[in-house]
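One file, input11.pdb, carrying PDB, C-alpha atoms:
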ATOM      1  CA  MET A   1      17.518 -41.907   7.436
ATOM      2  CA  LEU A   2      15.015 -39.128   6.707
ATOM      3  CA  GLY A   3      14.901 -38.276  10.403
ATOM      4  CA  GLY A   4      18.656 -37.888  10.406
ATOM      5  CA  PHE A   5      18.630 -34.638   8.432
ATOM      6  CA  ASP A   6      15.052 -33.458   8.883
ATOM      7  CA  LYS A   7      15.463 -32.067  12.380
ATOM      8  CA  PRO A   8      12.498 -30.689  14.376
ATOM      9  CA  PHE A   9      14.143 -27.256  14.547
ATOM     10  CA  ASN A  10      14.188 -26.978  10.750
ATOM     11  CA  GLN A  11      10.467 -26.765  10.098
ATOM     12  CA  ALA A  12       9.103 -23.203  10.251
ATOM     13  CA  PRO A  13       9.194 -21.613   7.788
ATOM     14  CA  SER A  14       9.021 -24.456   5.304
ATOM     15  CA  LEU A  15      11.537 -23.750   2.558
ATOM     16  CA  HIS A  16       9.631 -26.183   0.323
ATOM     17  CA  ILE A  17       6.592 -23.900   0.554
ATOM     18  CA  ALA A  18       8.678 -20.746   0.050
ATOM     19  CA  LEU A  19      10.154 -22.156  -3.149
ATOM     20  CA  LEU A  20       6.722 -23.374  -4.260
ATOM     21  CA  VAL A  21       5.271 -19.855  -3.901
ATOM     22  CA  ILE A  22       8.062 -18.379  -6.016
ATOM     23  CA  ILE A  23       7.658 -20.987  -8.784
ATOM     24  CA  TRP A  24       3.855 -20.749  -8.656
ATOM     25  CA  ASP A  25       3.930 -16.971  -9.077
ATOM     26  CA  HIS A  26       6.388 -17.226 -11.980
ATOM     27  CA  TRP A  27       4.243 -19.593 -14.008
ATOM     28  CA  ARG A  28       0.808 -18.231 -13.121
ATOM     29  CA  GLN A  29       1.753 -15.086 -15.055
ATOM     30  CA  ARG A  30       2.752 -17.100 -18.103
ATOM     31  CA  LEU A  31       0.072 -19.775 -18.310
ATOM     32  CA  GLY A  32      -3.476 -19.291 -19.515
ATOM     33  CA  GLY A  33      -6.639 -21.056 -20.533
ATOM     34  CA  ALA A  34      -7.415 -24.427 -18.991
ATOM     35  CA  VAL A  35      -3.791 -24.919 -18.002
ATOM     36  CA  LEU A  36      -3.870 -22.136 -15.386
ATOM     37  CA  PRO A  37      -6.447 -23.710 -13.007
ATOM     38  CA  LEU A  38      -4.601 -27.007 -13.382
ATOM     39  CA  TRP A  39      -1.407 -25.241 -12.335
ATOM     40  CA  HIS A  40      -3.135 -23.736  -9.300
ATOM     41  CA  GLY A  41      -4.508 -27.138  -8.315
ATOM     42  CA  TRP A  42      -1.188 -28.897  -8.786
ATOM     43  CA  CYS A  43       0.629 -26.336  -6.632
ATOM     44  CA  PHE A  44      -2.043 -26.665  -3.954
ATOM     45  CA  LEU A  45      -1.508 -30.407  -3.838
ATOM     46  CA  ILE A  46       2.256 -29.947  -3.617
ATOM     47  CA  GLY A  47       1.798 -27.525  -0.738
ATOM     48  CA  ALA A  48      -0.585 -29.843   1.110
ATOM     49  CA  SER A  49       1.763 -32.801   0.606
ATOM     50  CA  VAL A  50       4.252 -31.499   3.179
ATOM     51  CA  LEU A  51       1.739 -32.489   5.847
ATOM     52  CA  THR A  52       1.291 -36.020   4.554
ATOM     53  CA  THR A  53       4.952 -36.960   5.102
ATOM     54  CA  TRP A  54       4.812 -36.038   8.814
ATOM     55  CA  GLN A  55       7.746 -33.680   8.304
ATOM     56  CA  HIS A  56       5.881 -30.432   8.999
ATOM     57  CA  HIS A  57       3.187 -28.919  11.170
ATOM     58  CA  PHE A  58       0.472 -26.744   9.639
ATOM     59  CA  ILE A  59       2.085 -23.502  10.858
ATOM     60  CA  ASP A  60       5.112 -24.266   8.671
ATOM     61  CA  ILE A  61       2.973 -23.705   5.556
ATOM     62  CA  PRO A  62       1.821 -20.077   6.104
ATOM     63  CA  THR A  63       5.239 -19.076   7.450
ATOM     64  CA  GLY A  64       6.866 -20.653   4.394
ATOM     65  CA  ALA A  65       4.407 -18.845   2.127
ATOM     66  CA  LEU A  66       5.244 -15.578   3.896
ATOM     67  CA  LEU A  67       8.944 -16.162   3.238
ATOM     68  CA  GLY A  68       8.238 -16.843  -0.438
ATOM     69  CA  LEU A  69       6.148 -13.691  -0.749
ATOM     70  CA  PHE A  70       8.889 -11.666   0.915
ATOM     71  CA  ALA A  71      11.372 -12.970  -1.668
ATOM     72  CA  LEU A  72       8.966 -11.993  -4.482
ATOM     73  CA  TRP A  73       8.535  -8.529  -2.959
ATOM     74  CA  LEU A  74      12.273  -8.108  -2.487
ATOM     75  CA  PHE A  75      13.053  -9.016  -6.107
ATOM     76  CA  PRO A  76       9.950  -8.069  -8.140
ATOM     77  CA  ALA A  77       9.618  -9.187 -11.750
ATOM     78  CA  LYS A  78       8.623  -5.628 -12.714
ATOM     79  CA  GLY A  79       9.396  -2.229 -11.299
ATOM     80  CA  ALA A  80      12.163  -0.931  -9.084
ATOM     81  CA  LEU A  81      13.791  -3.003  -6.375
ATOM     82  CA  PRO A  82      12.514  -1.856  -2.962
ATOM     83  CA  PHE A  83      16.031  -1.198  -1.724
ATOM     84  CA  ALA A  84      17.332   0.448  -4.906
ATOM     85  CA  GLY A  85      18.657   3.940  -4.286
ATOM     86  CA  PHE A  86      18.030   3.772  -0.554
ATOM     87  CA  ARG A  87      19.284   6.803   1.331
ATOM     88  CA  PRO A  88      18.588   7.437   5.014
ATOM     89  CA  SER A  89      15.954  10.156   5.242
ATOM     90  CA  ALA A  90      17.111  13.573   6.436
ATOM     91  CA  ASP A  91      13.553  14.505   7.410
ATOM     92  CA  ALA A  92      13.093  14.419  11.187
ATOM     93  CA  LYS A  93       9.405  13.485  10.936
ATOM     94  CA  ALA A  94      10.162  10.639   8.533
ATOM     95  CA  ARG A  95      12.754   9.293  10.975
ATOM     96  CA  ARG A  96      10.246   9.469  13.837
ATOM     97  CA  LEU A  97       7.638   7.596  11.808
ATOM     98  CA  ALA A  98      10.227   4.985  10.811
ATOM     99  CA  LEU A  99      11.061   4.533  14.484
ATOM    100  CA  CYS A 100       7.382   4.170  15.427
ATOM    101  CA  TYR A 101       6.768   1.495  12.808
ATOM    102  CA  SER A 102      10.010  -0.246  13.800
ATOM    103  CA  LEU A 103       8.841  -0.350  17.407
ATOM    104  CA  GLY A 104       5.539  -1.818  16.240
ATOM    105  CA  ALA A 105       7.401  -4.521  14.327
ATOM    106  CA  ALA A 106       9.605  -5.210  17.363
ATOM    107  CA  LEU A 107       6.520  -5.498  19.582
ATOM    108  CA  ALA A 108       4.982  -8.043  17.225
ATOM    109  CA  LEU A 109       8.234 -10.020  17.157
ATOM    110  CA  THR A 110       8.258  -9.990  20.950
ATOM    111  CA  GLY A 111       4.792 -11.482  20.825
ATOM    112  CA  VAL A 112       6.162 -14.204  18.553
ATOM    113  CA  ALA A 113       9.072 -14.952  20.874
ATOM    114  CA  VAL A 114       6.900 -15.112  23.986
ATOM    115  CA  GLY A 115       3.851 -16.737  22.459
ATOM    116  CA  ALA A 116       5.765 -19.446  20.612
ATOM    117  CA  HIS A 117       6.608 -21.028  23.979
ATOM    118  CA  PHE A 118       2.905 -21.716  24.439
ATOM    119  CA  SER A 119       1.571 -22.172  20.911
ATOM    120  CA  ALA A 120       2.923 -22.189  17.372
ATOM    121  CA  VAL A 121      -0.054 -20.028  16.424
ATOM    122  CA  ALA A 122       1.941 -17.065  17.767
ATOM    123  CA  LEU A 123       4.062 -17.309  14.624
ATOM    124  CA  VAL A 124       1.152 -15.656  12.811
ATOM    125  CA  LEU A 125       2.406 -12.387  14.329
ATOM    126  CA  LEU A 126       5.334 -12.615  11.927
ATOM    127  CA  TRP A 127       2.944 -11.314   9.259
ATOM    128  CA  PRO A 128       2.154  -7.906  10.830
ATOM    129  CA  ALA A 129       5.755  -7.684  12.080
ATOM    130  CA  LEU A 130       7.081  -7.998   8.545
ATOM    131  CA  ALA A 131       4.478  -5.580   7.163
ATOM    132  CA  LEU A 132       5.376  -2.939   9.761
ATOM    133  CA  ALA A 133       9.079  -3.447   9.100
ATOM    134  CA  VAL A 134       8.508  -2.794   5.392
ATOM    135  CA  VAL A 135       6.603   0.426   6.155
ATOM    136  CA  ALA A 136       9.378   1.508   8.530
ATOM    137  CA  PHE A 137      11.841   0.876   5.693
ATOM    138  CA  ALA A 138       9.767   3.163   3.451
ATOM    139  CA  TYR A 139       9.879   6.055   5.923
ATOM    140  CA  ALA A 140      13.531   5.430   6.723
ATOM    141  CA  GLY A 141      14.468   6.345   3.168
ATOM    142  CA  ALA A 142      13.274   3.733   0.688
ATOM    143  CA  GLY A 143      10.178   5.755  -0.189
ATOM    144  CA  ALA A 144       6.782   4.889  -1.639
ATOM    145  CA  LYS A 145       8.149   2.293  -4.061
ATOM    146  CA  VAL A 146       8.088  -0.328  -1.305
ATOM    147  CA  PHE A 147       4.312  -0.528  -1.832
ATOM    148  CA  GLN A 148       4.924  -1.561  -5.478
ATOM    149  CA  LYS A 149       2.001   0.433  -6.826
ATOM    150  CA  THR A 150       1.650   1.013 -10.559
ATOM    151  CA  ALA A 151       0.547   4.152 -12.386
ATOM    152  CA  ASP A 152      -3.000   2.749 -12.657
ATOM    153  CA  SER A 153      -3.175   2.064  -8.899
ATOM    154  CA  LEU A 154      -2.620  -1.695  -8.938
ATOM    155  CA  VAL A 155      -0.085  -3.474  -6.738
ATOM    156  CA  SER A 156       1.904  -6.667  -7.109
ATOM    157  CA  LEU A 157       0.527  -9.861  -5.600
ATOM    158  CA  ALA A 158       3.459 -10.066  -3.185
ATOM    159  CA  SER A 159       2.830  -6.514  -1.963
ATOM    160  CA  ARG A 160      -0.921  -7.101  -1.716
ATOM    161  CA  ILE A 161      -0.545 -10.109   0.575
ATOM    162  CA  LEU A 162       2.631  -9.165   2.425
ATOM    163  CA  LEU A 163       1.343  -5.708   3.414
ATOM    164  CA  TRP A 164      -2.284  -6.732   3.943
ATOM    165  CA  PRO A 165      -2.175  -6.225   7.749
ATOM    166  CA  TYR A 166      -0.925  -2.663   7.292
ATOM    167  CA  ARG A 167      -3.413  -1.886   4.517
ATOM    168  CA  LEU A 168      -6.233  -3.218   6.664
ATOM    169  CA  SER A 169      -5.217  -0.934   9.536
ATOM    170  CA  ALA A 170      -4.951   1.996   7.099
ATOM    171  CA  LYS A 171      -8.514   1.359   5.898
ATOM    172  CA  VAL A 172      -9.812   1.121   9.451
ATOM    173  CA  ASN A 173      -8.012   4.354  10.340
ATOM    174  CA  ALA A 174      -9.505   6.096   7.293
ATOM    175  CA  TRP A 175     -12.989   4.916   8.255
ATOM    176  CA  ALA A 176     -12.531   6.096  11.862
ATOM    177  CA  TRP A 177     -11.467   9.607  10.808
ATOM    178  CA  THR A 178     -13.982  10.104   7.987
ATOM    179  CA  ARG A 179     -17.076   8.151   9.027
ATOM    180  CA  LYS A 180     -18.964  11.340   9.992
ATOM    181  CA  LEU A 181     -17.810  13.339   6.972
ATOM    182  CA  PRO A 182     -19.078  13.401   3.380
ATOM    183  CA  THR A 183     -17.258  10.886   1.218
ATOM    184  CA  VAL A 184     -16.330  13.620  -1.256
ATOM    185  CA  VAL A 185     -16.826  17.374  -1.553
ATOM    186  CA  ALA A 186     -17.062  19.474  -4.706
ATOM    187  CA  ILE A 187     -14.256  22.019  -5.140
ATOM    188  CA  ALA A 188     -14.567  23.606  -8.575
ATOM    189  CA  ASP A 189     -15.406  22.767 -12.192
ATOM    190  CA  ASP A 190     -16.106  19.034 -11.748
ATOM    191  CA  VAL A 191     -13.102  18.464  -9.482
ATOM    192  CA  PHE A 192     -13.868  16.749  -6.181
ATOM    193  CA  LEU A 193     -11.805  16.067  -3.065
ATOM    194  CA  GLY A 194     -12.291  13.021  -0.878
ATOM    195  CA  ARG A 195     -11.062   9.965   0.964
ATOM    196  CA  PHE A 196      -9.963   6.783  -0.782
ATOM    197  CA  PRO A 197     -13.118   5.469  -2.449
ATOM    198  CA  ALA A 198     -14.796   2.097  -2.575
ATOM    199  CA  ALA A 199     -15.358   0.672  -6.053
ATOM    200  CA  ALA A 200     -18.932   1.969  -6.402
ATOM    201  CA  GLU A 201     -17.872   5.430  -5.243
ATOM    202  CA  ALA A 202     -14.932   5.524  -7.656
ATOM    203  CA  ASN A 203     -17.078   4.444 -10.594
ATOM    204  CA  ALA A 204     -19.184   7.589 -10.201
ATOM    205  CA  PHE A 205     -16.229   9.638 -11.517
ATOM    206  CA  GLY A 206     -14.580   9.776 -14.898
ATOM    207  CA  THR A 207     -11.076   9.770 -13.406
ATOM    208  CA  VAL A 208      -9.638   9.091  -9.974
ATOM    209  CA  VAL A 209      -6.340  10.823  -9.209
ATOM    210  CA  ASP A 210      -4.996   8.618  -6.438
ATOM    211  CA  LEU A 211      -2.215   9.835  -4.131
ATOM    212  CA  ALA A 212      -2.245   7.112  -1.457
ATOM    213  CA  ALA A 213       0.844   4.937  -1.931
ATOM    214  CA  GLU A 214      -0.330   2.518   0.761
ATOM    215  CA  LEU A 215      -3.760   1.673  -0.695
ATOM    216  CA  GLU A 216      -4.668  -0.179  -3.867
ATOM    217  CA  ARG A 217      -7.421   0.251  -6.417
ATOM    218  CA  PRO A 218     -10.493  -1.598  -5.112
ATOM    219  CA  ASP A 219     -11.802  -4.655  -6.923
ATOM    220  CA  GLY A 220     -14.645  -3.709  -9.241
ATOM    221  CA  ALA A 221     -13.383  -0.191  -9.964
ATOM    222  CA  THR A 222     -13.797   0.172 -13.719
ATOM    223  CA  GLY A 223     -13.044   3.833 -14.344
ATOM    224  CA  ARG A 224      -9.776   5.547 -15.182
ATOM    225  CA  TRP A 225      -7.220   5.734 -12.372
ATOM    226  CA  VAL A 226      -4.041   7.793 -12.295
ATOM    227  CA  SER A 227      -1.775   7.071  -9.354
ATOM    228  CA  PHE A 228       1.006   9.171  -7.840
ATOM    229  CA  GLY A 229       2.182   7.225  -4.816
ATOM    230  CA  MET A 230       3.007   9.557  -1.915
ATOM    231  CA  LEU A 231       3.834   8.605   1.667
ATOM    232  CA  ASP A 232       1.334   9.738   4.250
ATOM    233  CA  LEU A 233       2.163  12.560   6.685
ATOM    234  CA  LEU A 234       5.255  13.685   4.757
ATOM    235  CA  PRO A 235       5.815  16.443   2.185
ATOM    236  CA  SER A 236       5.694  14.903  -1.269
ATOM    237  CA  PRO A 237       8.562  15.219  -3.739
ATOM    238  CA  ALA A 238       8.118  18.454  -5.699
ATOM    239  CA  ASN A 239       8.294  16.715  -9.076
ATOM    240  CA  MET A 240       5.571  14.231  -8.124
ATOM    241  CA  LEU A 241       3.412  17.005  -6.727
ATOM    242  CA  ASP A 242       3.754  18.905 -10.005
ATOM    243  CA  GLN A 243       2.853  15.799 -12.015
ATOM    244  CA  ALA A 244      -0.267  15.187  -9.934
ATOM    245  CA  VAL A 245      -1.382  18.810 -10.351
ATOM    246  CA  ALA A 246      -0.746  18.653 -14.108
ATOM    247  CA  ALA A 247      -2.863  15.482 -14.408
ATOM    248  CA  ILE A 248      -6.068  17.142 -13.208
ATOM    249  CA  GLU A 249      -6.822  19.425 -16.175
ATOM    250  CA  PRO A 250      -6.532  16.717 -18.890
ATOM    251  CA  ALA A 251      -8.631  14.401 -16.720
ATOM    252  CA  ARG A 252     -11.257  17.114 -16.138
ATOM    253  CA  ARG A 253     -11.798  17.447 -19.888
ATOM    254  CA  GLN A 254     -12.880  13.804 -19.946
ATOM    255  CA  GLY A 255     -15.381  14.082 -17.091
ATOM    256  CA  THR A 256     -15.561  14.471 -13.347
ATOM    257  CA  VAL A 257     -12.360  14.032 -11.330
ATOM    258  CA  LEU A 258     -11.903  12.740  -7.796
ATOM    259  CA  VAL A 259      -8.591  13.648  -6.162
ATOM    260  CA  CYS A 260      -8.110  11.359  -3.185
ATOM    261  CA  CYS A 261      -5.709  10.015  -0.603
ATOM    262  CA  ALA A 262      -6.429   7.867   2.445
ATOM    263  CA  LEU A 263      -8.416  10.511   4.354
ATOM    264  CA  GLY A 264      -8.690  13.359   1.869
ATOM    265  CA  PHE A 265      -7.166  15.745   4.400
ATOM    266  CA  GLN A 266      -3.553  16.219   3.401
ATOM    267  CA  ARG A 267      -1.980  14.804   0.228
ATOM    268  CA  SER A 268      -5.059  15.254  -1.931
ATOM    269  CA  ALA A 269      -5.891  18.626  -0.356
ATOM    270  CA  THR A 270      -2.375  19.865  -1.144
ATOM    271  CA  VAL A 271      -2.638  18.794  -4.790
ATOM    272  CA  VAL A 272      -6.073  20.389  -5.210
ATOM    273  CA  ALA A 273      -4.873  23.640  -3.583
ATOM    274  CA  GLU A 274      -1.880  23.733  -5.920
ATOM    275  CA  TRP A 275      -4.206  23.090  -8.872
ATOM    276  CA  LEU A 276      -6.490  25.975  -7.872
ATOM    277  CA  VAL A 277      -3.564  28.386  -7.856
ATOM    278  CA  ALA A 278      -1.859  26.975 -10.959
ATOM    279  CA  THR A 279      -5.027  27.330 -13.056
ATOM    280  CA  GLY A 280      -5.971  30.772 -11.750
ATOM    281  CA  ARG A 281      -9.126  29.575 -10.035
ATOM    282  CA  SER A 282      -7.631  30.996  -6.863
ATOM    283  CA  HIS A 283      -5.576  34.147  -7.254
ATOM    284  CA  THR A 284      -3.516  33.580  -4.123
ATOM    285  CA  PRO A 285      -2.490  30.590  -2.019
ATOM    286  CA  ALA A 286      -4.570  31.954   0.858
ATOM    287  CA  GLN A 287      -7.686  31.948  -1.351
ATOM    288  CA  ALA A 288      -7.022  28.346  -2.308
ATOM    289  CA  ARG A 289      -6.840  27.402   1.344
ATOM    290  CA  LYS A 290     -10.116  29.247   2.061
ATOM    291  CA  THR A 291     -11.822  27.418  -0.805
ATOM    292  CA  LEU A 292     -10.832  24.059   0.665
ATOM    293  CA  VAL A 293     -11.806  25.052   4.190
ATOM    294  CA  ALA A 294     -15.193  26.259   2.910
ATOM    295  CA  SER A 295     -15.871  22.761   1.573
ATOM    296  CA  GLY A 296     -16.286  21.620   5.157
ATOM    297  CA  ARG A 297     -13.501  19.068   5.022
ATOM    298  CA  PRO A 298     -10.507  19.237   7.407
ATOM    299  CA  VAL A 299      -7.424  20.498   5.594
ATOM    300  CA  HIS A 300      -3.809  19.880   6.581
ATOM    301  CA  LEU A 301      -1.697  21.019   3.662
ATOM    302  CA  GLN A 302       1.738  19.486   3.144
ATOM    303  CA  VAL A 303       3.276  22.725   1.890
ATOM    304  CA  GLU A 304       2.919  26.266   3.115
ATOM    305  CA  LEU A 305       0.291  27.984   0.999
ATOM    306  CA  ASP A 306      -0.349  30.996   3.150
ATOM    307  CA  GLY A 307       0.047  34.255   1.311
ATOM    308  CA  PRO A 308      -1.636  37.612   0.990
ATOM    309  CA  ALA A 309      -5.408  37.368   0.905
TER
END
Take the structure in the file and write it out as C-alpha cells.
Amino acid sequence: MLGGFDKPFNQAPSLHIALLVIIWDHWRQRLGGAVLPLWHGWCFLIGASVLTTWQHHFIDIPTGALLGLFALWLFPAKGALPFAGFRPSADAKARRLALCYSLGAALALTGVAVGAHFSAVALVLLWPALALAVVAFAYAGAGAKVFQKTADSLVSLASRILLWPYRLSAKVNAWAWTRKLPTVVAIADDVFLGRFPAAAEANAFGTVVDLAAELERPDGATGRWVSFGMLDLLPSPANMLDQAVAAIEPARRQGTVLVCCALGFQRSATVVAEWLVATGRSHTPAQARKTLVASGRPVHLQVELDGPA
C-alpha cells in the first residue's frame, strides 16, 4: 500500500526533511541546556530515518533541507520579509546586475536539467542556482534586506546556509582583487579604510563599520561591529550613507575604527570621503578624494565628490 502513494517521482526534495528543518530551527532557538543537544540529535535521527524506509535516496535529504531553509529565509522569524516593499529598480546598472545574476542562476539550473539525466548529484547545483536567484532579486528591487544582516553584522541561519555559495565567491573575489594590497590603510585620526577583515584583523580595532551587505561578521570577531548593509556596485541610499558617516565620530572616540566593505574600494571609500568633508578634515570634496588616493588604495567612489581643489 505504501508504494501506491509514494511514487518514485515524489522524492526530491523530501518534504519530510523540509518540514524537519523548519521545526528544528523553531525549537533550537527556544531550548537550552542539556535539552538542546538532545534536540539536535533527535532531529538528526529523524532526518536519517528517511533512508531506512527505502522511500528516499540520499540526494533527497540535502534538497529537502534546501527547501526548508528557503522557507525560513522567505518568512524569517525576525526582521523584514525579503519581498516586503519590493519595487522594480529604476537604476539601469541594478537591472543589468540583476540580469547577470539571473543568467547565472539559469545556467546552474540548466546544469541540473542536463546533469540529472546522468546522476542525481547534479541536483547539488540547485544550491548555487537558488543563491544567485536571491542575489538577482536583491538587485532587481528587493534591496540589501535579502541578506538578512543585523545591525551588528550577523545573519540568520537560513541566509548563512542558503547564500553560502554566493558568499564564498564574494570572498574569493575579494581575495583576488586585494591580495597584493595592504589589508587596511590609515586615513586620519585613527580611522582606517580596508577590505572585509578576518576575525584577527577585526579584533585589532575598537570598532568595525561594516558596509558589505553580502558578507557576515567572521567567527571569533569579538570587537564592536556596526553594520550598514549596502549592495555592491550601486549608489547607496542617501539616508544610509548619512547614518554610516555619522557613526564614525562616536566610534572614533572609543578607539580605532575600520571602515570596510568587500574590497575597500567603493562603499567604504565613499563613506570615508564623506566623513572627511563632513568633519572638516578635508575642505573640499576634491581634497577628500586626494587623501584617499594618497593612501595607495584604489578608489571608486559611489557619488560624485569632485569639486574645486
Legend entry - Residues within 12 Å of Pro37 in chain A, only C-alpha atoms, excluding chain neighbours under 5 positions, as a list in words: Trp24, Trp27, Arg28, Leu31, Gly32, Trp42, Cys43 and Phe44 of chain A
Legend entry - Point-to-point distance from CA of Ala18 in chain A to CA of Leu103 in chain A, Å rounded to tenths: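 Pair CA of Ala18 in chain A / CA of Leu103 in chain A returns 26.8 Å.
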Inset, instruction - Could you check which of A:Arg297, A:His16, A:Lys78, A:His283 is closest to Lys145 in chain A, using all atoms listed in the file? - result: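 Between A:Arg297, A:His16, A:Lys78, A:His283, the residue approaching Lys145 in chain A most closely is A:Lys78.
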Legend entry - Interatomic distance (Å, one decimal) between CA of Val121 in chain A and CA of Ser156 in chain A: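 Going from CA of Val121 in chain A over to CA of Ser156 in chain A covers 27.1 Å.
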Legend entry - Exercise: His300 in chain A partners within 8 Å, only C-alpha atoms, chain neighbours under 2 positions left out, as a ChimeraX atom specification: /A:265-266,269-270,298,302
Legend entry - Atom-to-atom span, CA of Ala288 in chain A and CA of Leu276 in chain A, Å: 6.1 Å
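Residues lying within 8 Å of Gly111 in chain A, counting only C-alpha atoms and ignoring same-chain neighbours fewer than 4 positions away, are Leu107, Gly115, Ala122 and Leu125 of chain A.
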Inset, instruction - Expand the PyMOL selection byres ((chain A and resi 185-201) around 8) into the individual residues it matches in the shown file, reporting them as a PyMOL selection string. - result: chain A and resi 174+178+182-184+202-205+210+212+217-222+252+255-265+268-269+272+291-292+295-297
Distance query Leu215 in chain A at most 10 Å, all atoms listed in the file, self and fewer than 5 positions along chain excluded, as a tab-separated table (two decimals) with C-alpha atoms, in the frame of the given file:
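What follows is the written file result18.tsv:
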chain	number	residue	atom	x	y	z
A	147	PHE	CA	4.31	-0.53	-1.83
A	149	LYS	CA	2.00	0.43	-6.83
A	153	SER	CA	-3.18	2.06	-8.90
A	154	LEU	CA	-2.62	-1.70	-8.94
A	155	VAL	CA	-0.08	-3.47	-6.74
A	160	ARG	CA	-0.92	-7.10	-1.72
A	163	LEU	CA	1.34	-5.71	3.41
A	164	TRP	CA	-2.28	-6.73	3.94
A	166	TYR	CA	-0.92	-2.66	7.29
A	167	ARG	CA	-3.41	-1.89	4.52
A	168	LEU	CA	-6.23	-3.22	6.66
A	170	ALA	CA	-4.95	2.00	7.10
A	171	LYS	CA	-8.51	1.36	5.90
A	196	PHE	CA	-9.96	6.78	-0.78
A	210	ASP	CA	-5.00	8.62	-6.44
A	229	GLY	CA	2.18	7.22	-4.82
A	261	CYS	CA	-5.71	10.02	-0.60
A	262	ALA	CA	-6.43	7.87	2.44
Inset, instruction - Within 12 Å of (8.8, -20.9, -1.6) (coordinates as in the file), grab all the protein and nucleic acid residues, counting only C-alpha atoms, and write them out as an NGL selection string. - result: :A and (13-26 or 43 or 46-47 or 60-72)
Find the smallest box with edges along x, y and z containing every listed atom of range 245-264 of chain A, then add 4 Å on each side and report centre and edge lengths in Å to one decimal, as AutoDock Vina command-line options.
--center_x -8.2 --center_y 13.6 --center_z -7.8 --size_x 22.8 --size_y 19.6 --size_z 32.3
Return as a PDB file with C-alpha atoms, keeping the file's coordinate frame the set of residues that the PyMOL selection byres ((chain A and resi 126-143) around 10) yields on the displayed structure.
ATOM      1  CA  PRO A  62       1.821 -20.077   6.104  1.00  0.00           C
ATOM      2  CA  THR A  63       5.239 -19.076   7.450  1.00  0.00           C
ATOM      3  CA  LEU A  66       5.244 -15.578   3.896  1.00  0.00           C
ATOM      4  CA  LEU A  67       8.944 -16.162   3.238  1.00  0.00           C
ATOM      5  CA  PHE A  70       8.889 -11.666   0.915  1.00  0.00           C
ATOM      6  CA  LEU A  81      13.791  -3.003  -6.375  1.00  0.00           C
ATOM      7  CA  PRO A  82      12.514  -1.856  -2.962  1.00  0.00           C
ATOM      8  CA  PHE A  83      16.031  -1.198  -1.724  1.00  0.00           C
ATOM      9  CA  ALA A  84      17.332   0.448  -4.906  1.00  0.00           C
ATOM     10  CA  GLY A  85      18.657   3.940  -4.286  1.00  0.00           C
ATOM     11  CA  PHE A  86      18.030   3.772  -0.554  1.00  0.00           C
ATOM     12  CA  ARG A  87      19.284   6.803   1.331  1.00  0.00           C
ATOM     13  CA  PRO A  88      18.588   7.437   5.014  1.00  0.00           C
ATOM     14  CA  SER A  89      15.954  10.156   5.242  1.00  0.00           C
ATOM     15  CA  ALA A  90      17.111  13.573   6.436  1.00  0.00           C
ATOM     16  CA  ASP A  91      13.553  14.505   7.410  1.00  0.00           C
ATOM     17  CA  LYS A  93       9.405  13.485  10.936  1.00  0.00           C
ATOM     18  CA  ALA A  94      10.162  10.639   8.533  1.00  0.00           C
ATOM     19  CA  ARG A  95      12.754   9.293  10.975  1.00  0.00           C
ATOM     20  CA  ARG A  96      10.246   9.469  13.837  1.00  0.00           C
ATOM     21  CA  LEU A  97       7.638   7.596  11.808  1.00  0.00           C
ATOM     22  CA  ALA A  98      10.227   4.985  10.811  1.00  0.00           C
ATOM     23  CA  LEU A  99      11.061   4.533  14.484  1.00  0.00           C
ATOM     24  CA  CYS A 100       7.382   4.170  15.427  1.00  0.00           C
ATOM     25  CA  TYR A 101       6.768   1.495  12.808  1.00  0.00           C
ATOM     26  CA  SER A 102      10.010  -0.246  13.800  1.00  0.00           C
ATOM     27  CA  LEU A 103       8.841  -0.350  17.407  1.00  0.00           C
ATOM     28  CA  GLY A 104       5.539  -1.818  16.240  1.00  0.00           C
ATOM     29  CA  ALA A 105       7.401  -4.521  14.327  1.00  0.00           C
ATOM     30  CA  ALA A 106       9.605  -5.210  17.363  1.00  0.00           C
ATOM     31  CA  LEU A 107       6.520  -5.498  19.582  1.00  0.00           C
ATOM     32  CA  ALA A 108       4.982  -8.043  17.225  1.00  0.00           C
ATOM     33  CA  LEU A 109       8.234 -10.020  17.157  1.00  0.00           C
ATOM     34  CA  THR A 110       8.258  -9.990  20.950  1.00  0.00           C
ATOM     35  CA  GLY A 111       4.792 -11.482  20.825  1.00  0.00           C
ATOM     36  CA  VAL A 112       6.162 -14.204  18.553  1.00  0.00           C
ATOM     37  CA  ALA A 113       9.072 -14.952  20.874  1.00  0.00           C
ATOM     38  CA  ALA A 122       1.941 -17.065  17.767  1.00  0.00           C
ATOM     39  CA  LEU A 123       4.062 -17.309  14.624  1.00  0.00           C
ATOM     40  CA  VAL A 124       1.152 -15.656  12.811  1.00  0.00           C
ATOM     41  CA  LEU A 125       2.406 -12.387  14.329  1.00  0.00           C
ATOM     42  CA  ALA A 144       6.782   4.889  -1.639  1.00  0.00           C
ATOM     43  CA  LYS A 145       8.149   2.293  -4.061  1.00  0.00           C
ATOM     44  CA  VAL A 146       8.088  -0.328  -1.305  1.00  0.00           C
ATOM     45  CA  PHE A 147       4.312  -0.528  -1.832  1.00  0.00           C
ATOM     46  CA  SER A 159       2.830  -6.514  -1.963  1.00  0.00           C
ATOM     47  CA  ILE A 161      -0.545 -10.109   0.575  1.00  0.00           C
ATOM     48  CA  LEU A 162       2.631  -9.165   2.425  1.00  0.00           C
ATOM     49  CA  LEU A 163       1.343  -5.708   3.414  1.00  0.00           C
ATOM     50  CA  TRP A 164      -2.284  -6.732   3.943  1.00  0.00           C
ATOM     51  CA  PRO A 165      -2.175  -6.225   7.749  1.00  0.00           C
ATOM     52  CA  TYR A 166      -0.925  -2.663   7.292  1.00  0.00           C
ATOM     53  CA  ARG A 167      -3.413  -1.886   4.517  1.00  0.00           C
ATOM     54  CA  ALA A 213       0.844   4.937  -1.931  1.00  0.00           C
ATOM     55  CA  GLU A 214      -0.330   2.518   0.761  1.00  0.00           C
ATOM     56  CA  GLY A 229       2.182   7.225  -4.816  1.00  0.00           C
ATOM     57  CA  MET A 230       3.007   9.557  -1.915  1.00  0.00           C
ATOM     58  CA  LEU A 231       3.834   8.605   1.667  1.00  0.00           C
ATOM     59  CA  ASP A 232       1.334   9.738   4.250  1.00  0.00           C
ATOM     60  CA  LEU A 234       5.255  13.685   4.757  1.00  0.00           C
TER      61      LEU A 234
END
